[in-house]
file structure.cif (mmCIF, C-alpha atoms)
data_work
#
loop_
_atom_site.label_atom_id
_atom_site.label_comp_id
_atom_site.auth_asym_id
_atom_site.auth_seq_id
_atom_site.Cartn_x
_atom_site.Cartn_y
_atom_site.Cartn_z
CA MET A 804 33.00 -3.34 14.11
CA ALA A 805 30.53 -0.77 15.44
CA VAL A 806 32.30 0.72 18.45
CA THR A 807 30.62 3.35 20.62
CA LEU A 808 32.48 6.02 22.56
CA HIS A 809 30.08 7.23 25.24
CA VAL A 810 30.82 10.65 26.72
CA CYS A 811 29.05 11.75 29.91
CA ILE A 812 27.75 15.25 29.25
CA THR A 813 26.10 15.87 32.62
CA CYS A 814 29.29 15.45 34.64
CA LYS A 815 30.26 18.38 36.85
CA ALA A 816 33.54 16.71 37.80
CA GLY A 817 33.11 17.85 41.39
CA GLN A 818 32.91 21.52 40.40
CA THR A 819 30.21 24.10 41.01
CA ILE A 820 29.02 25.12 37.57
CA PRO A 821 27.23 28.49 37.27
CA GLU A 822 23.72 28.39 35.76
CA GLY A 823 23.91 28.38 31.98
CA GLU A 824 27.59 27.41 31.82
CA PRO A 825 28.46 24.13 30.07
CA THR A 826 29.42 21.29 32.38
CA PRO A 827 32.94 19.85 32.19
CA GLY A 828 31.31 16.78 30.63
CA LYS A 829 29.67 18.85 27.93
CA ARG A 830 32.95 20.63 27.21
CA LEU A 831 34.69 17.26 26.94
CA HIS A 832 32.06 16.00 24.53
CA GLN A 833 32.41 19.16 22.44
CA ALA A 834 36.20 18.85 22.30
CA ILE A 835 35.90 15.22 21.20
CA ALA A 836 33.20 16.01 18.62
CA ASP A 837 35.27 18.91 17.26
CA ILE A 838 38.14 16.55 16.47
CA GLY A 839 35.74 13.97 15.08
CA ALA A 840 35.28 10.24 15.32
CA PRO A 841 37.92 7.89 13.91
CA GLU A 842 36.88 5.12 11.53
CA GLY A 843 34.52 2.59 13.06
CA VAL A 844 33.73 4.74 16.12
CA THR A 845 30.47 6.52 16.93
CA ILE A 846 30.58 9.31 19.52
CA VAL A 847 27.46 9.24 21.70
CA PRO A 848 26.65 11.78 24.44
CA VAL A 849 25.20 10.16 27.57
CA GLU A 850 23.40 11.60 30.57
CA CYS A 851 25.40 10.25 33.50
CA LEU A 852 27.72 7.27 33.48
CA SER A 853 27.37 7.07 37.29
CA ALA A 854 31.06 7.73 37.75
CA CYS A 855 30.42 11.14 39.32
CA ASN A 856 33.24 10.86 41.86
CA ASN A 857 35.70 10.31 39.03
CA GLY A 858 34.33 12.55 36.28
CA SER A 859 34.45 13.47 33.60
CA SER A 860 34.10 9.96 32.27
CA VAL A 861 33.94 8.12 28.96
CA ALA A 862 33.14 4.51 28.07
CA LEU A 863 33.95 2.27 25.13
CA SER A 864 31.66 -0.57 24.15
CA ALA A 865 30.85 -2.86 21.25
CA PRO A 866 28.82 -6.06 20.93
CA GLY A 867 30.79 -9.11 22.02
CA ARG A 868 33.67 -7.10 23.50
CA TRP A 869 34.88 -6.05 26.92
CA CYS A 870 33.54 -2.59 27.79
CA TYR A 871 35.84 -0.03 29.40
CA VAL A 872 35.15 3.04 31.52
CA TYR A 873 37.74 5.76 32.08
CA GLY A 874 37.59 8.67 34.49
CA ARG A 875 39.10 12.02 35.45
CA MET A 876 39.09 13.13 31.82
CA SER A 877 39.06 16.70 30.53
CA GLU A 878 39.15 18.51 27.17
CA ALA A 879 42.94 18.26 27.27
CA ASN A 880 42.52 14.49 26.87
CA ALA A 881 40.22 14.60 23.83
CA GLN A 882 42.92 13.62 21.34
CA ASP A 883 44.18 10.75 23.52
CA ILE A 884 40.63 9.50 24.14
CA LEU A 885 40.02 9.33 20.39
CA ALA A 886 43.37 7.60 19.83
CA GLY A 887 42.38 5.01 22.45
CA ALA A 888 38.95 4.59 20.85
CA ALA A 889 40.56 4.09 17.44
CA ALA A 890 42.89 1.43 18.85
CA TYR A 891 39.93 -0.33 20.49
CA ALA A 892 37.99 -0.25 17.22
CA ALA A 893 40.98 -1.53 15.24
CA ALA A 894 41.76 -4.46 17.57
CA PRO A 895 39.83 -7.49 16.31
CA ASP A 896 38.59 -8.37 19.80
CA GLY A 897 38.83 -4.92 21.38
CA LEU A 898 41.76 -6.06 23.50
CA VAL A 899 44.42 -3.43 22.87
CA PRO A 900 47.93 -4.40 24.02
CA TRP A 901 48.78 -2.59 27.27
CA ARG A 902 51.61 -0.53 25.79
CA ALA A 903 49.47 0.53 22.82
CA ARG A 904 46.88 2.14 25.09
CA PRO A 905 47.07 5.89 25.77
CA GLU A 906 48.63 6.57 29.17
CA ILE A 907 45.34 8.06 30.43
CA PHE A 908 43.64 4.73 29.67
CA ARG A 909 46.36 2.78 31.47
CA ARG A 910 46.23 5.00 34.54
CA GLN A 911 42.62 6.10 34.74
CA SER A 912 40.57 2.95 34.24
CA LEU A 913 37.48 2.93 36.41
CA ALA A 914 36.20 -0.47 35.36
CA ARG A 915 35.81 -2.98 32.59
CA ILE A 916 32.92 -5.37 32.04
CA PRO A 917 33.25 -8.74 30.27
CA PRO A 918 31.55 -9.28 26.92
CA MET A 919 28.08 -10.74 26.83
CA PHE A 920 28.07 -13.94 24.91
CA SER A 921 24.39 -14.65 25.22
CA LEU A 922 23.52 -12.57 22.18
CA PRO A 923 20.34 -13.50 20.34
CA GLU A 924 21.07 -16.22 17.86
CA ALA A 925 20.26 -15.70 14.23
CA ALA A 926 17.68 -18.09 12.87
CA GLU A 927 19.25 -20.65 10.58
CA MET B 874 16.29 -12.45 31.08
CA ALA B 875 19.81 -13.87 31.41
CA VAL B 876 21.54 -11.57 33.88
CA THR B 877 25.18 -12.04 34.81
CA LEU B 878 26.69 -11.04 38.13
CA HIS B 879 30.43 -10.77 37.56
CA VAL B 880 32.62 -10.99 40.65
CA CYS B 881 36.26 -10.00 40.45
CA ILE B 882 38.23 -12.81 42.12
CA THR B 883 41.73 -11.40 41.65
CA CYS B 884 41.08 -8.21 43.62
CA LYS B 885 43.39 -7.57 46.56
CA ALA B 886 41.38 -4.51 47.60
CA GLY B 887 44.59 -2.63 48.35
CA GLN B 888 45.77 -5.24 50.86
CA THR B 889 48.94 -7.31 50.97
CA ILE B 890 47.76 -10.90 50.72
CA PRO B 891 50.14 -13.62 51.99
CA GLU B 892 51.09 -16.31 49.47
CA GLY B 893 48.41 -19.01 49.37
CA GLU B 894 45.76 -16.93 51.11
CA PRO B 895 42.54 -16.20 49.20
CA THR B 896 42.23 -12.65 47.88
CA PRO B 897 39.40 -10.45 49.18
CA GLY B 898 37.85 -10.85 45.72
CA LYS B 899 37.94 -14.64 45.99
CA ARG B 900 36.42 -14.49 49.47
CA LEU B 901 33.66 -12.21 48.17
CA HIS B 902 32.93 -14.63 45.32
CA GLN B 903 32.82 -17.55 47.76
CA ALA B 904 30.42 -15.71 50.07
CA ILE B 905 28.15 -14.91 47.13
CA ALA B 906 28.32 -18.45 45.76
CA ASP B 907 27.58 -19.90 49.21
CA ILE B 908 24.29 -17.99 49.36
CA GLY B 909 23.53 -18.88 45.76
CA ALA B 910 22.19 -17.10 42.71
CA PRO B 911 18.64 -15.73 42.68
CA GLU B 912 16.33 -16.66 39.81
CA GLY B 913 17.54 -15.40 36.45
CA VAL B 914 21.04 -14.56 37.67
CA THR B 915 24.28 -16.37 36.83
CA ILE B 916 27.27 -15.75 39.09
CA VAL B 917 30.48 -15.58 37.08
CA PRO B 918 33.98 -15.16 38.55
CA VAL B 919 36.16 -12.77 36.55
CA GLU B 920 39.88 -12.11 36.60
CA CYS B 921 40.09 -8.34 37.11
CA LEU B 922 37.35 -5.82 36.49
CA SER B 923 40.03 -3.09 36.31
CA ALA B 924 38.54 -1.34 39.30
CA CYS B 925 41.57 -2.15 41.46
CA ASN B 926 41.54 1.19 43.32
CA ASN B 927 37.97 0.53 44.42
CA GLY B 928 37.96 -3.22 44.98
CA SER B 929 36.51 -5.61 45.58
CA SER B 930 34.16 -5.03 42.68
CA VAL B 931 31.16 -6.65 41.02
CA ALA B 932 29.32 -5.92 37.78
CA LEU B 933 25.82 -6.62 36.51
CA SER B 934 25.13 -7.03 32.82
CA ALA B 935 22.56 -8.43 30.42
CA PRO B 936 22.01 -8.07 26.69
CA GLY B 937 20.18 -4.86 25.82
CA ARG B 938 20.47 -3.39 29.33
CA TRP B 939 22.59 -0.82 31.11
CA CYS B 940 25.56 -2.48 32.81
CA TYR B 941 26.54 -1.46 36.33
CA VAL B 942 29.82 -1.73 38.26
CA TYR B 943 30.00 -1.42 42.03
CA GLY B 944 33.07 -1.12 44.20
CA ARG B 945 34.44 -1.35 47.74
CA MET B 946 32.51 -4.56 48.35
CA SER B 947 33.33 -7.27 50.90
CA GLU B 948 31.86 -10.58 52.10
CA ALA B 949 29.65 -8.60 54.47
CA ASN B 950 27.85 -7.26 51.38
CA ALA B 951 27.16 -10.62 49.73
CA GLN B 952 23.48 -10.71 50.70
CA ASP B 953 22.88 -7.13 49.55
CA ILE B 954 24.73 -7.73 46.28
CA LEU B 955 22.48 -10.69 45.53
CA ALA B 956 19.38 -8.69 46.48
CA GLY B 957 20.49 -5.98 44.05
CA ALA B 958 21.17 -8.56 41.36
CA ALA B 959 17.72 -10.07 41.87
CA ALA B 960 16.08 -6.63 41.56
CA TYR B 961 18.07 -5.96 38.37
CA ALA B 962 17.00 -9.33 36.94
CA ALA B 963 13.36 -8.75 37.88
CA ALA B 964 13.12 -5.24 36.39
CA PRO B 965 11.95 -5.62 32.79
CA ASP B 966 14.59 -3.18 31.50
CA GLY B 967 17.14 -3.58 34.29
CA LEU B 968 16.35 -0.09 35.56
CA VAL B 969 15.65 -0.59 39.25
CA PRO B 970 13.96 2.37 40.98
CA TRP B 971 16.52 4.29 43.06
CA ARG B 972 14.89 3.52 46.41
CA ALA B 973 14.59 -0.18 45.57
CA ARG B 974 18.36 -0.51 45.15
CA PRO B 975 20.46 -1.74 48.07
CA GLU B 976 22.20 1.16 49.80
CA ILE B 977 25.62 -0.16 48.76
CA PHE B 978 24.50 0.08 45.11
CA ARG B 979 23.26 3.64 45.60
CA ARG B 980 26.45 4.76 47.30
CA GLN B 981 29.16 2.68 45.70
CA SER B 982 28.51 2.88 41.98
CA LEU B 983 31.73 3.01 40.02
CA ALA B 984 30.15 3.31 36.58
CA ARG B 985 27.30 2.29 34.33
CA ILE B 986 27.46 1.70 30.58
CA PRO B 987 24.51 2.20 28.21
CA PRO B 988 22.96 -0.81 26.49
CA MET B 989 24.19 -1.81 23.09
CA PHE B 990 21.37 -1.72 20.61
CA SER B 991 23.35 -2.89 17.63
CA LEU B 992 22.81 -6.54 18.41
CA PRO B 993 22.92 -8.97 15.51
CA GLU B 994 19.51 -9.17 13.90
CA ALA B 995 17.83 -12.51 13.55
CA ALA B 996 17.21 -13.53 9.97
CA GLU B 997 13.55 -13.28 9.08
#
call {"tool": "encode", "arguments": {"input": "structure.cif", "output": "structure tokens"}}
result
Amino acid sequence: MAVTLHVCITCKAGQTIPEGEPTPGKRLHQAIADIGAPEGVTIVPVECLSACNNGSSVALSAPGRWCYVYGRMSEANAQDILAGAAAYAAAPDGLVPWRARPEIFRRQSLARIPPMFSLPEAAE
Amino acid sequence: MAVTLHVCITCKAGQTIPEGEPTPGKRLHQAIADIGAPEGVTIVPVECLSACNNGSSVALSAPGRWCYVYGRMSEANAQDILAGAAAYAAAPDGLVPWRARPEIFRRQSLARIPPMFSLPEAAE
């Protein structure tokens, strides 16, 4: 299952960032990329997830699955974010049992969006 | 373009709801359903969009488009929500110009999630 972990790299997380300094979002993306993607997960930097009041933010998505957005993340959470992404990728339907989710995912959900079932049908 | 407007019907919006009373989310869904869906939009009630701290919430999604989640909505916003959904449905790529979005969409975005491009390919 091709799962995408989106990481907002433009997020300032409510801070004033001096010119030329990396944003908190960029630092989060770097920390996640440094550890590396677990099997079945692609790490994708994104310019703004529109969760600016709750940054830094990340999102998990895959075709036919619920999508999840999590907020108030920092570099310190990189390992947990990747553990949560791995669990999402490993669950056949993306629905990870509540207790198997990292605590930051249980506590810092911003939103989830139902799967889209109206995917283009393959010709027979 | 098949656009879905998801409305969270379980949301209590931080209130204590007496047994048997409709939740704020259910009232929001009813208000939206009473007005009716604009062309190209399907209204779908959902049990929890995991945006409980910012309820009531709604989400817009369609295959191949950015998905959007908006929070702190009430029945008073039903007309604006449907206007925003209609604009999203009418925009070829779902990207509605900033000024053409209802003010509640500009101010109360909870998150957006990039489109998924790894849709199943039709057999040739």
call {"tool": "residues_around", "arguments": {"input": "structure.cif", "residues": "B:His902", "least_positions_apart": "4", "cutoff": "8 Å", "atoms": "only C-alpha atoms", "output": "PyMOL selection string"}}
result
chain B and resi 880-882+898+906+918+948
call {"tool": "residues_around", "arguments": {"input": "structure.cif", "residues": "A:Val847", "least_positions_apart": "6", "cutoff": "7 Å", "atoms": "all atoms listed in the file", "output": "short mmCIF file (atom, residue, chain, number, x, y, z; two decimals) with C-alpha atoms, in the frame of the given file"}}
result
data_model
loop_
_atom_site.label_atom_id
_atom_site.label_comp_id
_atom_site.auth_asym_id
_atom_site.auth_seq_id
_atom_site.Cartn_x
_atom_site.Cartn_y
_atom_site.Cartn_z
CA THR A 807 30.62 3.35 20.62
CA LEU A 808 32.48 6.02 22.56
CA HIS A 809 30.08 7.23 25.24
CA VAL A 810 30.82 10.65 26.72
#
call {"tool": "calpha_fit_and_write", "arguments": {"input": "structure.cif", "fixed": "chain A", "moving": "chain B", "output": "compact mmCIF listing (two decimals) with C-alpha atoms, keeping the file's coordinate frame"}}
result
# COMPACT_ATOMS: atom_id res chain seq x y z
CA MET B 874 32.97 -3.39 14.13
CA ALA B 875 30.52 -0.81 15.47
CA VAL B 876 32.28 0.71 18.47
CA THR B 877 30.62 3.34 20.63
CA LEU B 878 32.46 6.01 22.56
CA HIS B 879 30.08 7.22 25.25
CA VAL B 880 30.81 10.63 26.73
CA CYS B 881 29.07 11.72 29.91
CA ILE B 882 27.74 15.24 29.26
CA THR B 883 26.10 15.85 32.63
CA CYS B 884 29.30 15.45 34.65
CA LYS B 885 30.27 18.39 36.84
CA ALA B 886 33.55 16.73 37.79
CA GLY B 887 33.11 17.88 41.38
CA GLN B 888 32.90 21.55 40.40
CA THR B 889 30.20 24.13 41.01
CA ILE B 890 29.01 25.13 37.56
CA PRO B 891 27.23 28.51 37.23
CA GLU B 892 23.72 28.40 35.75
CA GLY B 893 23.91 28.38 31.95
CA GLU B 894 27.57 27.40 31.79
CA PRO B 895 28.46 24.13 30.05
CA THR B 896 29.42 21.29 32.39
CA PRO B 897 32.95 19.84 32.17
CA GLY B 898 31.31 16.76 30.64
CA LYS B 899 29.65 18.84 27.93
CA ARG B 900 32.94 20.62 27.20
CA LEU B 901 34.71 17.26 26.95
CA HIS B 902 32.06 15.99 24.52
CA GLN B 903 32.39 19.15 22.43
CA ALA B 904 36.18 18.83 22.29
CA ILE B 905 35.87 15.21 21.19
CA ALA B 906 33.18 16.00 18.62
CA ASP B 907 35.25 18.89 17.24
CA ILE B 908 38.12 16.53 16.44
CA GLY B 909 35.71 13.95 15.08
CA ALA B 910 35.26 10.21 15.32
CA PRO B 911 37.90 7.85 13.93
CA GLU B 912 36.85 5.10 11.53
CA GLY B 913 34.49 2.58 13.09
CA VAL B 914 33.71 4.72 16.13
CA THR B 915 30.45 6.50 16.94
CA ILE B 916 30.56 9.28 19.54
CA VAL B 917 27.46 9.22 21.72
CA PRO B 918 26.65 11.75 24.47
CA VAL B 919 25.19 10.14 27.59
CA GLU B 920 23.42 11.60 30.58
CA CYS B 921 25.42 10.25 33.53
CA LEU B 922 27.75 7.28 33.50
CA SER B 923 27.38 7.08 37.31
CA ALA B 924 31.07 7.74 37.76
CA CYS B 925 30.42 11.15 39.32
CA ASN B 926 33.26 10.88 41.87
CA ASN B 927 35.73 10.33 39.03
CA GLY B 928 34.34 12.56 36.30
CA SER B 929 34.45 13.48 33.59
CA SER B 930 34.10 9.96 32.27
CA VAL B 931 33.93 8.11 28.97
CA ALA B 932 33.14 4.50 28.09
CA LEU B 933 33.95 2.26 25.14
CA SER B 934 31.66 -0.58 24.17
CA ALA B 935 30.85 -2.88 21.28
CA PRO B 936 28.82 -6.06 20.97
CA GLY B 937 30.79 -9.12 22.05
CA ARG B 938 33.68 -7.12 23.52
CA TRP B 939 34.88 -6.05 26.94
CA CYS B 940 33.56 -2.60 27.81
CA TYR B 941 35.85 -0.04 29.42
CA VAL B 942 35.15 3.06 31.54
CA TYR B 943 37.74 5.77 32.09
CA GLY B 944 37.59 8.67 34.50
CA ARG B 945 39.09 12.03 35.45
CA MET B 946 39.09 13.13 31.82
CA SER B 947 39.06 16.71 30.52
CA GLU B 948 39.15 18.51 27.15
CA ALA B 949 42.93 18.26 27.25
CA ASN B 950 42.51 14.49 26.86
CA ALA B 951 40.21 14.58 23.82
CA GLN B 952 42.91 13.60 21.33
CA ASP B 953 44.17 10.74 23.50
CA ILE B 954 40.63 9.49 24.13
CA LEU B 955 40.01 9.31 20.39
CA ALA B 956 43.36 7.59 19.82
CA GLY B 957 42.37 5.00 22.43
CA ALA B 958 38.95 4.59 20.84
CA ALA B 959 40.55 4.08 17.43
CA ALA B 960 42.89 1.41 18.85
CA TYR B 961 39.93 -0.33 20.51
CA ALA B 962 37.99 -0.25 17.22
CA ALA B 963 40.96 -1.56 15.25
CA ALA B 964 41.75 -4.47 17.59
CA PRO B 965 39.81 -7.49 16.32
CA ASP B 966 38.59 -8.38 19.83
CA GLY B 967 38.83 -4.93 21.41
CA LEU B 968 41.78 -6.06 23.51
CA VAL B 969 44.43 -3.43 22.88
CA PRO B 970 47.95 -4.39 24.01
CA TRP B 971 48.80 -2.58 27.27
CA ARG B 972 51.62 -0.50 25.79
CA ALA B 973 49.48 0.53 22.81
CA ARG B 974 46.90 2.15 25.09
CA PRO B 975 47.09 5.89 25.76
CA GLU B 976 48.63 6.58 29.16
CA ILE B 977 45.36 8.06 30.44
CA PHE B 978 43.65 4.73 29.66
CA ARG B 979 46.36 2.78 31.47
CA ARG B 980 46.22 4.99 34.54
CA GLN B 981 42.62 6.09 34.75
CA SER B 982 40.58 2.95 34.25
CA LEU B 983 37.48 2.95 36.41
CA ALA B 984 36.21 -0.47 35.38
CA ARG B 985 35.84 -2.97 32.58
CA ILE B 986 32.94 -5.38 32.05
CA PRO B 987 33.26 -8.75 30.30
CA PRO B 988 31.57 -9.29 26.94
CA MET B 989 28.10 -10.73 26.85
CA PHE B 990 28.08 -13.93 24.88
CA SER B 991 24.40 -14.63 25.19
CA LEU B 992 23.51 -12.53 22.18
CA PRO B 993 20.35 -13.44 20.30
CA GLU B 994 21.11 -16.13 17.77
CA ALA B 995 20.26 -15.56 14.16
CA ALA B 996 17.72 -18.00 12.79
CA GLU B 997 19.32 -20.49 10.46
call {"tool": "residues_around", "arguments": {"input": "structure.cif", "residues": "B:Ile916", "least_positions_apart": "6", "cutoff": "12 Å", "atoms": "all atoms listed in the file", "output": "MDAnalysis selection string"}}
result
chainID B and resid 875:882 901:910 931:934 951 954:955 958:959
call {"tool": "resolve_selection", "arguments": {"input": "structure.cif", "expression": "the PyMOL selection byres ((chain B) within 12 of (chain A))", "output": "number ranges by chain"}}
result
B: 874-881, 915, 917-944, 978-997
call {"tool": "atom_distance", "arguments": {"input": "structure.cif", "atom1": "atom CA of A:Arg902", "atom2": "atom CA of A:Gly843"}}
result
21.5 Å
call {"tool": "resolve_selection", "arguments": {"input": "structure.cif", "expression": "the PyMOL selection byres ((chain A and resi 826) around 8)", "output": "MDAnalysis selection string"}}
result
chainID A and resid 812:815 820 824:825 827:830
call {"tool": "atom_distance", "arguments": {"input": "structure.cif", "atom1": "atom CA of A:Pro905", "atom2": "atom CA of A:Ala890"}}
result
9.2 Å
call {"tool": "atom_distance", "arguments": {"input": "structure.cif", "atom1": "atom CA of B:Val914", "atom2": "atom CA of B:Gly957"}}
result
10.7 Å
call {"tool": "closest_residue", "arguments": {"input": "structure.cif", "among": "A:Glu822, A:Ile907, A:Glu842, A:Pro900", "to": "A:Arg875", "atoms": "only C-alpha atoms"}}
result
A:Ile907
call {"tool": "build_atoms", "arguments": {"input": "structure.cif", "residues": "stretch 914-936 of chain B", "atoms": "N, CA, C and O atoms", "output": "short mmCIF file (atom, residue, chain, number, x, y, z; two decimals), keeping the file's coordinate frame"}}
result
data_model
loop_
_atom_site.label_atom_id
_atom_site.label_comp_id
_atom_site.auth_asym_id
_atom_site.auth_seq_id
_atom_site.Cartn_x
_atom_site.Cartn_y
_atom_site.Cartn_z
N VAL B 914 19.71 -15.14 37.52
CA VAL B 914 21.04 -14.56 37.67
C VAL B 914 22.10 -15.66 37.62
O VAL B 914 21.94 -16.70 38.25
N THR B 915 23.14 -15.45 36.85
CA THR B 915 24.28 -16.37 36.83
C THR B 915 25.47 -15.67 37.46
O THR B 915 25.80 -14.54 37.08
N ILE B 916 26.10 -16.32 38.42
CA ILE B 916 27.27 -15.75 39.09
C ILE B 916 28.52 -16.20 38.34
O ILE B 916 28.73 -17.41 38.15
N VAL B 917 29.31 -15.25 37.88
CA VAL B 917 30.48 -15.58 37.08
C VAL B 917 31.74 -14.93 37.67
O VAL B 917 31.81 -13.70 37.78
N PRO B 918 32.73 -15.75 38.08
CA PRO B 918 33.98 -15.16 38.55
C PRO B 918 34.78 -14.60 37.39
O PRO B 918 34.80 -15.17 36.30
N VAL B 919 35.41 -13.45 37.61
CA VAL B 919 36.16 -12.77 36.55
C VAL B 919 37.54 -12.41 37.07
O VAL B 919 37.69 -12.05 38.24
N GLU B 920 38.54 -12.53 36.21
CA GLU B 920 39.88 -12.11 36.60
C GLU B 920 40.06 -10.64 36.25
O GLU B 920 40.34 -10.28 35.11
N CYS B 921 39.87 -9.79 37.20
CA CYS B 921 40.09 -8.34 37.11
C CYS B 921 38.99 -7.61 36.36
O CYS B 921 38.77 -7.79 35.17
N LEU B 922 38.32 -6.74 37.09
CA LEU B 922 37.35 -5.82 36.49
C LEU B 922 37.98 -4.44 36.33
O LEU B 922 37.26 -3.46 36.05
N SER B 923 39.29 -4.36 36.48
CA SER B 923 40.03 -3.09 36.31
C SER B 923 39.48 -1.97 37.19
O SER B 923 39.48 -0.80 36.79
N ALA B 924 39.02 -2.34 38.35
CA ALA B 924 38.54 -1.34 39.30
C ALA B 924 39.38 -1.45 40.58
O ALA B 924 38.90 -1.27 41.69
N CYS B 925 40.66 -1.75 40.38
CA CYS B 925 41.57 -2.15 41.46
C CYS B 925 41.64 -1.13 42.60
O CYS B 925 41.84 -1.49 43.75
N ASN B 926 41.48 0.16 42.28
CA ASN B 926 41.54 1.19 43.32
C ASN B 926 40.26 1.23 44.16
O ASN B 926 40.21 1.93 45.17
N ASN B 927 39.26 0.52 43.72
CA ASN B 927 37.97 0.53 44.42
C ASN B 927 37.45 -0.89 44.65
O ASN B 927 36.24 -1.11 44.67
N GLY B 928 38.37 -1.84 44.80
CA GLY B 928 37.96 -3.22 44.98
C GLY B 928 37.54 -3.49 46.41
O GLY B 928 37.80 -2.66 47.27
N SER B 929 36.91 -4.64 46.60
CA SER B 929 36.51 -5.61 45.58
C SER B 929 35.32 -5.06 44.79
O SER B 929 34.57 -4.24 45.29
N SER B 930 35.20 -5.56 43.55
CA SER B 930 34.16 -5.03 42.68
C SER B 930 33.31 -6.14 42.09
O SER B 930 33.74 -7.29 41.96
N VAL B 931 32.09 -5.75 41.72
CA VAL B 931 31.16 -6.65 41.02
C VAL B 931 30.52 -5.87 39.89
O VAL B 931 30.50 -4.63 39.91
N ALA B 932 30.00 -6.58 38.90
CA ALA B 932 29.32 -5.92 37.78
C ALA B 932 28.08 -6.72 37.41
O ALA B 932 28.06 -7.94 37.52
N LEU B 933 27.06 -6.00 36.99
CA LEU B 933 25.82 -6.62 36.51
C LEU B 933 25.64 -6.29 35.05
O LEU B 933 25.77 -5.12 34.65
N SER B 934 25.36 -7.30 34.24
CA SER B 934 25.13 -7.03 32.82
C SER B 934 24.11 -8.01 32.26
O SER B 934 23.88 -9.10 32.80
N ALA B 935 23.50 -7.59 31.17
CA ALA B 935 22.56 -8.43 30.42
C ALA B 935 22.39 -7.80 29.05
O ALA B 935 22.47 -6.57 28.92
N PRO B 936 22.17 -8.62 28.04
CA PRO B 936 22.01 -8.07 26.69
C PRO B 936 20.89 -7.02 26.64
O PRO B 936 19.80 -7.24 27.19
#
